[in-house]
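Participant: Here you go, one structure.
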Amino acid sequence: MPVTSYLALGAILFCLGLYGVMTKRNAVIVLFSIELMLNAANINLVAFSKYGLYANQMGQVFGLFTITIAAAEAAVGIAILFALYQHRQTVSVDRYNTLKG
Amino acid sequence: MDYTESYVTIVVFVLLGLALPVVALTMGRLLRPYQPSAAKTITYESGVDPTGGGWVQYNVRYYLFALLFVVFDVEAVFLYPWAVAYDSLRADVGLFILVEMLIFVFFLLIGLLYAWKKKVLEWS
Amino acid sequence: MMEGLLQTLPTWIIFSPLFGVLVLLFLPRAQTAWLRGVGVAATVPPLLLAVLMAIRFDVTIATVQFQQKITWFSIPIQQGVGLDFHYHLGVDGLSLPLVVLTAIIAVLAAIASALYIRERLKGYFTVFLLLEVGMMGVFMARDLFLFFLFFEVTLVTLFFLIGIWGAVYRERAANQFLLYNGVGSALMLLGFIGLLFLFQTLDLEQLRQMSANPELGLVMEQDPIIRNLVWTVFLALVIAFGIKLPIFPFHSWMLRVHTEAPPAVVMVHSGVLLKMGAYGLIRFGVDLFPAQVVAIAPWLGLLGVINILYGAVLAFVQTDLKRVLAFSSVSHMGIILLGIAALNDIGLQGAVFQAVSHGFISALLFFFIGALYQRTRTTDIRELGGLSRSVPVLSGIFLAGGLALLGLPGMSGFIAEFQAFLGFFSPFPVLAAIGVIGLILTAVYTLRAVMQINFGPISERWASLSDLKAKEAAPMLVMLGLIMLIGVWPAVLGDPMQTTIQTIVSKIGG
Amino acid sequence: MTTWMVLGPALLMAVVLGFVTYAILFERKVLGWMQGRIGPNRVGPWGILQTVADILKLLLKEDIIPERADRTLFRIAPVIAFVPSFVVLAVIPFTDRWLFADIGVGLLYYLALSSITTIGMLAGGWASNNKYALLGSMRSAAQMISYEIPLVMSVVGVIMAAGTLNLVEIVQAQEQVWFILPQILGFAVFFVASLAELNRTPFDLPEAESELVAGYHVEYTGFRFAFFMLAEYVYVFAMAALTTVLFLGGWNPLFDLTFIPPILWFILKFLLIVFLLIWIRGTMPRMRVDQLMEMGWKVLLPLALVNIFLSAVLKEVPVIGQFY
Amino acid sequence: MERYLLDYDWTVMGPELIVLAAAALLSIVDLFLKADSDRRWLGGVGLAAIIAAGVFAAFQLGNPPYEVLADTYRVDDFGLILKLILLAGAALLFLSSLSSVRDDGIQAQGEYYYLLLAALLGGMLMTASADMITLFVGLELLSISSYILVGLRKRRMESAEAAWKYVVMGGVSSAFILYGMSFAYGLTGTTNLYEMQARLADAYGGGYELFVYLSLFLMLFGFGFKVAAAPFHMWAPDVYQGAATTVTAFLSVVSKTAAFALIFRVVFGGYYFLYQSQMEEPLSAQALLILAAASMVVGNTIALRQINLKRMLAYSSVAHAGYMLVPLATLGFLFESLIYYLIAYLFMTLGAFVVLMLVEHRTGAETLHAFAGLSRKNPLLAAAMALFMVSLAGIPITAGFIGKFYILMGAVGTDHLWLAGLMLVTTVVSYYYYFGVIRMMYFRTPLTSERFPLPIGAGIVILVSVVGTLALGFMPQWTLDWLATLDWGAALIPIQSGGG
């Protein structure tokens with residue numbers, strides 16, 4: 001069943017992305033770990049579109065939409081990072097710690 | 001020619017394309033001299049001694065152009081299937097298809113207009 | 001018109017202070033004399049109406065009188081069926097004395113407030129009048145939802161009264177008040193919701209009918225879920241009202257309130273609000289769940305005795321007069337508990353008597369404290385002394401109040417304690433005997449306080465105090481008069497409540 | 001997997017390399033003539049072996065990697081730049097029988113892969129550890145992505161007319177009229193954008209030696225540098241071929257002159273485009289970077305969009321609608 | 001035969017189209033205004049658009065469910081009510097910002113208005129979608145617009161930092177939701193939530209239980225973030241604190257309502273088969289129970305220590321999310337109590353935030369101490385805030401009490417006594433911090449004793465909120481009757497296709 005290998009790929013990428021978000025200190029890496037997670041889900045969608053229980057094209061259409069959305073989210077993320085950088089002169093997420101409590 | 005054949009051909013092209021540099025550079029390694037010296041490897045800055053590190057702070061306008069690129073590229077992603085299916089769709093619903101895409105492009109044009117007005121598109 | 005007025009009397013009694021609030025809102029802040037006048041005047045209509053109601057009350061019938069019932073809202077469960085909540089008011093023999101008590105104490109407390117509260121009078125009287133609305137509503141509500149609503153009103157208003165106009169540690173007192181009473185309210189709500197699901201209604205009349213239904217006992221024996229639910233509800237309500245009463249060990253908030261709140265507020269609090277706990281215990285405990293009360297009666301009795309002794313012993317060692325009175329309140333509330341635990345009509349009657357009596361006595365004593373504090377700026381027993389020489393009238397009233405507190409025959413306290421212990425003695429003679437010791441202790445600490453303050457060497461500071469003015473003395477004398485009236489003519493209080501209490505007690509037996 | 005499948009691409013590569021060699025020579029010669037001089041004519045008769053000599057020279061030059069450069073990336077960058085340029089040739093149909101891969105999304109494949117070269121440029125600039133290289137690569141990347149959009153949008157009209165992304169079918173749809181006529185606006189935009197994508201004058205700011213010290217390939221020596229140049233010229237081949245396929249009718253004959261074989265038609269049109277590119281290089285001055293960027297976004301993109309909707313609208317017009 | 005948009009009745013999409021058109025119009029107009037001209041009339045246009053959309057939506061109430069656009073856009077009573085709540089919240093926010101947005105420190109006023117409209121549009125889309133794709137698109141539209149709105153005051157460090165945290169957390173949660181959706185798609189081959197019902201049941205029976213649960217739990221993970229339920233609430237305090245107060249109000253009310261729509265559509269639209277079978281307590285209900293309980297406990301206890309009022313309100317909204325999850329978990333009075341509480345929550349939270357906004361503008365601080373002595377500076381404002389706090393705490397004669405009572409009845413009625421008890425306990429705990437604000441206002445003396453004026457827009461909003469809170473508390477009957485007339489069950493079943 002070829003679908004399990006795609007699912008495994010998706011799962012690995014997803015977990016890698018999650019790991020990146022949680023542990024990396026560089027903000028840019030955090031952002032593209034999020035992208036990695038979204039793309040892992042995309043792989044899943046496309047794989048299911050071909051090999052799922054009821055294979056049809058909706059998966060690819062869905063994938064198309066989510067690519068768009070992921071792009072928009074990344075763009076906004078970087079813009080916010082720029083604003084943060086103006087204030088803090090660093091991309092290390094440890095230094096973004098004024099809000100506490 | 002059928003589906004898999006085409007893609008196999010493409011793979012062959014890729015391999016060939018990779019092979020050329022490898023072959024050429026290997027040949028070159030055999031043929032060319034190798035005499036490293038300190039002066040040769042320092043960074044080139046029009047002949048004067050280099051100052052500062054090898055990096056420079058990016059200006060935000062690069063990001064803005066990249067952002068605009070992403071937005072319009074994604075728009076192109078949506079335009080292509082629409083264009084391919086245009087004729088057959090037109091037979092079913094007429095000009096409505098055009099209006100739909102017009103609305104879509106209109107919203108993206110608002111974005112372009114925004115960038116235009118906020119002087120993002122100028123390389124100052 | 002008279003008939004219409006009579007029919008809607010409870011509503012008028014409850015909401016008439018709002019006229020005063022309305023007037024107060026439009027008075028400018030600076031006109032303190034007007035504010036005081038309006039504040040006091042606004043408490044008079046409820047008093048008059050309450051007296052009218054008392055006169056028109058038929059002591060011979062046991063049903064609820066002056067009933068008003070309007071459907072308020074209904075939560076639909078299925079097509080056409082819904083849970084109904086009503087605006088249902090009414091008075092019976094149990095609530096009538098408390099309503100009158102509230103009305104009288106409200107007026108007297110208003111006078112005390114006018115005399116002794118110095119700042120932000122507009123806000124004070126507004127909140128005070130709202131408190132009166134809440135208290136009246138609590139005693140006259142016949143629908144549990146409405147009861148809860150008015151109960152919460154008293155909670156919120158009292159929070160403000162303690163926290164803004166209190167003494168040094170007022171905020172802590174207000175917080176503690178809120179916390180304990182909040183828990184109590186939550187438990188009460190839980191109990192009410194449980195009742196709602198058991199009986200599909202929160203209307204008191206329907207609840208009384210359903211809980212008196214012997215089928216309920218059968219169902220409870222068979223179905224453990226229902227039995228658990230009933231017991232849970234019952235215990236929740238007992239604890240909730242126990243916090244209010246207060247029963248040891250839930251009493252610490254009350255001590256704080258007594259010491260930190262302004263004396264005028266304590267008059268109301270100690271005089272009326274604590275009695276809400278008693279009212280709740282009787283109305284929702286004994287009236288709705290007689291079988292369960294019978295089951296826990298020994299415990300209630302024990303707790304009552306503990307209250308009495310604990311309060312008395314600790315009152316003895318206090319140095320601040322306010323705390324003495326606070327512990328004494330704990331002690332006297334224990335007597336109410338005894339009366340309830342007795343489960344016979346004498347005991348129950350004694351409990352209600354004690355509620356009313358202690359209300360007046362407590363109000364009197366705290367009025368006294370208000371007057372005292374205004375003059376001496378301290379309530380520490382060790383510092384005060386020999387007041388009988390500088391302010392004879394004031395100290396005389398204090399002496400009289402103290403005597404009433406310890407239950408001197410001829411005063412209402414004696415009647416109340418006598419009945420309560422008499423009733424309690426039959427089922428629990430041993431506990432009763434122990435409880436009597438408490439009475440002796442009461443005398444001890446009371447007399448100690450009185451002696452210390454009134455007699456003894458006078459210090460310089462108190463040599464030139466001004467004595468009571470007429471406007472201060474008059475209310476105190478009125479209270480004293482009422483105390484003595486009940487003391488020598490108990491029927492004035494006993495008759496109205498008799499039939500109601502008999503109805504309640506008959507359920508216990510049956 | 002027939003041998004033809006491997007031999008064909010190899011043959012194509014040889015052809016392309018030959019083309020590159022002589023295109024460079026051709027260009028230098030033509031530029032020279034346009035500028036009133038002769039151009040290279042020393043090495044070999046009429047300068048024919050000039051490029052060969054250049055290539056040999058580059059091959060024999062010492063390979064210097066700057067001291068703190070990222071060595072792996074430094075080595076890979078030219079490869080990343082070159083490989084897509086060759087791989088895109090796979091889909092181009094030279095005639096209806098001489099083609100390599102006939103995939104349904106040929107046009108999309110071409111446009112998608114050609115973007116990868118940008119990454120190679122960026123990698124090269126970054127790996128050089130030279131701030132001017134970095135700046136140069138950023139600028140050229142910005143230029144390339146800015147013009148990619150009009151490029152991509154301008155062919156949408158063609159797609160609408162042909163109803164497919166398959167390059168063979170697009171050529172077949174031009175049997176009556178080449179798309180350059182109905183899609184004249186699209187062609188104009190496409191051509192200008194392709195000039196920018198090829199980094200040719202007037203858009204050759206990234207390569208201009210006098211600007212930013214030769215841009216992103218300043219630290220590259222020897223054959224590595226050659227690969228960047230090779231990539232550029234292979235792209236010229238590919239882009240000219242694509243223009244021919246999309247707008248000039250591919251191998252379709254003009255005026256029914258079918259006695260000329262289709263491949264020859266293709267080559268003729270192809271050479272025309274190449275000449276046009278060289279001509280423009282000789283004639284026009286270089287654009288400033290801000291004019292460049294502004295033109296891409298403010299002029300070309302709106303024009304491309306207008307073209308799309310114009311095509312859609314003109315489809316409705318009774319007579320000429322069939323050509324749209 | 002494909003059905004195209006023109007075959008349907010366009011006006012069902014009226015609300016969304018109006019808001020969309022308004023957003024587009026505002027963005028274009030804003031570009032052509034001069035930089036320093038007063039942009040408040042843009043807000044007025046936006047407000048008018050919202051009201052028009054609300055009128056449209058209200059007219060559609062009572063019709064049977066209707067789906068357009070290849071069954072992706074669905075109009076049923078439940079969705080319409082939620083849409084109306086969203087519109088009401090946004091309208092009130094617009095009204096309050098008309099007078100005060102400049103004081104908030106938001107330099108980019110035009111963007112603020114149309115971004116708010118865009119986010120509102122995303123939320124509306126979420127309430128009206130029957131398909132996972134539109135649900136996700138709506139969710140992302142709302143989220144991304146919110147990210148930008150939070151970071152709009154880019155001169156302030158906290159806003160940028162809050163926006164950053166929001167982006168990261170929001171991105172991760174969206175990824176989880178998408179991942180879960182991909183599995184759901186894989187099992188059923190369709191992205192339509194109502195078609196999924198039957199097919200998921202088949203998959204469940206066919207041995208793919210694990211995947212069904214996996215997809216559901218992945219999605220619940222993401223939903224937990226979006227609705228700010230514990231233990232996924234970490235972003236809420238920071239984001240609420242860093243954003244401008246009107247944006248915080250928007251997040252707290254509109255975002256949350258839309259997130260509840262999301263949960264409902266997926267769990268009860270797509271995974272409804274879990275409830276239809278005779279299982280006693282499906283895992284989804286248990287998971288929601290845990291979420292609810294955790295949120296109540298965490299929200300109320302951590303709020304006790306907060307001094308910054310926005311953080312306190314953030315934790316309080318976590319707790320309220322917990323209360324609102326209870327009907328979803330216990331299924332007692334599911335629709336009525338949830339909607340009732342959402343409406344009550346809208347009024348009291350919006351009112352509280354608007355008052356907070358006013359106080360913040362005058363005193364420059366958002367801590368508790370800024371409220372000191374408010375009763376002397378502006379007694380009406382203090383009274384209103386006291387009412388909102390009391391309502392949030394759940395004391396009678398307020399909407400908050402009736403709402404909680406309703407939910408409690410549902411919980412007790414479905415035999416979740418421990419949950420009801422927990423809810424009561426945490427409510428009592430919450431008294432402390434809600435009354436803390438009241439303490440500040442009434443018991444303390446103010447630093448300065450100047451009275452401060454009430455701007456008109458904010459004043460109207462506070463008035464409406466006060467009236468709403470009291471009306472829902474005093475006379476719940478009208479609302480209850482109205483809610484009973486709506487057809488709730490229609491939101492759970494697919495539409496019988498085959499008609500024209």
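Starting from 1 in every chain, residues are counted up; chains themselves are A, B, ... following the order of the structure tokens, and ligands are numbered from 1 as listed.
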At most 12 Å is the cut-off: for each residue in chain B with any atom that close to an atom of chain A, write down the nearest atom pair and the distance in Å rounded to one decimal, counting only C-alpha atoms, chain first then increasing number, as CSV.
Facilitator:
residue,atom,partner,partner_atom,distance
B:Gln57,CA,A:Gln89,CA,11.0
B:Tyr58,CA,A:Phe82,CA,10.6
B:Asn59,CA,A:Phe82,CA,10.4
B:Val60,CA,A:Phe82,CA,7.9
B:Arg61,CA,A:Phe82,CA,11.2
B:Tyr62,CA,A:Ala79,CA,11.7
B:Tyr63,CA,A:Ala79,CA,8.3
B:Leu64,CA,A:Ala79,CA,8.8
B:Phe65,CA,A:Ala75,CA,11.1
B:Ala66,CA,A:Ala75,CA,9.0
B:Leu67,CA,A:Ala75,CA,6.3
B:Leu68,CA,A:Ala75,CA,9.5
B:Phe69,CA,A:Ala75,CA,10.8
B:Val70,CA,A:Ala71,CA,7.1
B:Val71,CA,A:Ala72,CA,7.6
B:Phe72,CA,A:Thr68,CA,10.5
B:Asp73,CA,A:Thr68,CA,9.6
B:Val74,CA,A:Thr68,CA,6.2
B:Glu75,CA,A:Thr68,CA,8.7
B:Ala76,CA,A:Thr68,CA,11.0
B:Val77,CA,A:Leu64,CA,8.4
B:Phe78,CA,A:Leu64,CA,8.5
B:Pro81,CA,A:Val61,CA,11.0
Participant: Would you please give, as a PyMOL selection string, all residues of range 301-500 of chain C that DSSP assigns to helix (DSSP H, G or I) based on the backbone?
Facilitator: chain C and resi 301-316+321-342+345-376+387-390+392-405+412-425+429-454+460-462+470-488+491-500
Participant: What lies within 9 Å of Leu292 in chain D using only C-alpha atoms, ignoring chain neighbours under 5 positions off, as an NGL selection string?
Facilitator: :D and (143 or 196 or 202-203 or 287 or 297)
Participant: Hey, could you make a per-residue contact list for chain B against chain E with 12 Å as the cut-off, showing the nearest pair of atoms and its distance in Å to one decimal, counting only C-alpha atoms, sorted by chain and number, as JSON lines?
Facilitator:
{"residue": "B:Leu89", "atom": "CA", "partner": "E:Tyr4", "partner_atom": "CA", "distance": 10.4}
{"residue": "B:Arg90", "atom": "CA", "partner": "E:Tyr4", "partner_atom": "CA", "distance": 12.0}
{"residue": "B:Asp92", "atom": "CA", "partner": "E:Tyr4", "partner_atom": "CA", "distance": 9.1}
{"residue": "B:Val93", "atom": "CA", "partner": "E:Tyr4", "partner_atom": "CA", "distance": 7.8}
{"residue": "B:Gly94", "atom": "CA", "partner": "E:Leu6", "partner_atom": "CA", "distance": 10.9}
{"residue": "B:Leu95", "atom": "CA", "partner": "E:Leu6", "partner_atom": "CA", "distance": 11.5}
{"residue": "B:Phe96", "atom": "CA", "partner": "E:Leu6", "partner_atom": "CA", "distance": 8.5}
{"residue": "B:Ile97", "atom": "CA", "partner": "E:Tyr4", "partner_atom": "CA", "distance": 10.0}
{"residue": "B:Val99", "atom": "CA", "partner": "E:Leu5", "partner_atom": "CA", "distance": 11.9}
{"residue": "B:Glu100", "atom": "CA", "partner": "E:Leu5", "partner_atom": "CA", "distance": 10.1}
{"residue": "B:Ile103", "atom": "CA", "partner": "E:Ala21", "partner_atom": "CA", "distance": 10.7}
{"residue": "B:Phe104", "atom": "CA", "partner": "E:Ala24", "partner_atom": "CA", "distance": 11.6}
{"residue": "B:Phe106", "atom": "CA", "partner": "E:Ala24", "partner_atom": "CA", "distance": 9.3}
{"residue": "B:Phe107", "atom": "CA", "partner": "E:Ala24", "partner_atom": "CA", "distance": 7.4}
{"residue": "B:Leu108", "atom": "CA", "partner": "E:Ala24", "partner_atom": "CA", "distance": 10.5}
{"residue": "B:Leu109", "atom": "CA", "partner": "E:Ile28", "partner_atom": "CA", "distance": 10.1}
{"residue": "B:Ile110", "atom": "CA", "partner": "E:Ile28", "partner_atom": "CA", "distance": 6.8}
{"residue": "B:Gly111", "atom": "CA", "partner": "E:Ser27", "partner_atom": "CA", "distance": 9.1}
{"residue": "B:Leu112", "atom": "CA", "partner": "E:Ile28", "partner_atom": "CA", "distance": 10.8}
{"residue": "B:Leu113", "atom": "CA", "partner": "E:Ile28", "partner_atom": "CA", "distance": 8.0}
{"residue": "B:Tyr114", "atom": "CA", "partner": "E:Leu31", "partner_atom": "CA", "distance": 6.6}
{"residue": "B:Ala115", "atom": "CA", "partner": "E:Leu31", "partner_atom": "CA", "distance": 9.7}
{"residue": "B:Trp116", "atom": "CA", "partner": "E:Leu31", "partner_atom": "CA", "distance": 9.5}
{"residue": "B:Lys117", "atom": "CA", "partner": "E:Leu31", "partner_atom": "CA", "distance": 6.6}
{"residue": "B:Lys118", "atom": "CA", "partner": "E:Leu31", "partner_atom": "CA", "distance": 8.2}
{"residue": "B:Lys119", "atom": "CA", "partner": "E:Leu31", "partner_atom": "CA", "distance": 11.3}
Participant: If the cut-off is 8 Å, can you tell me the residues of chain E near chain A, counting only C-alpha atoms? I'd like them as number ranges by chain.
Facilitator: E: 133, 137, 140, 144, 147-148, 151, 154, 157-158, 160-164, 167-168, 171-172, 174-175, 178-179, 182-183, 185-191, 238, 241-242, 306
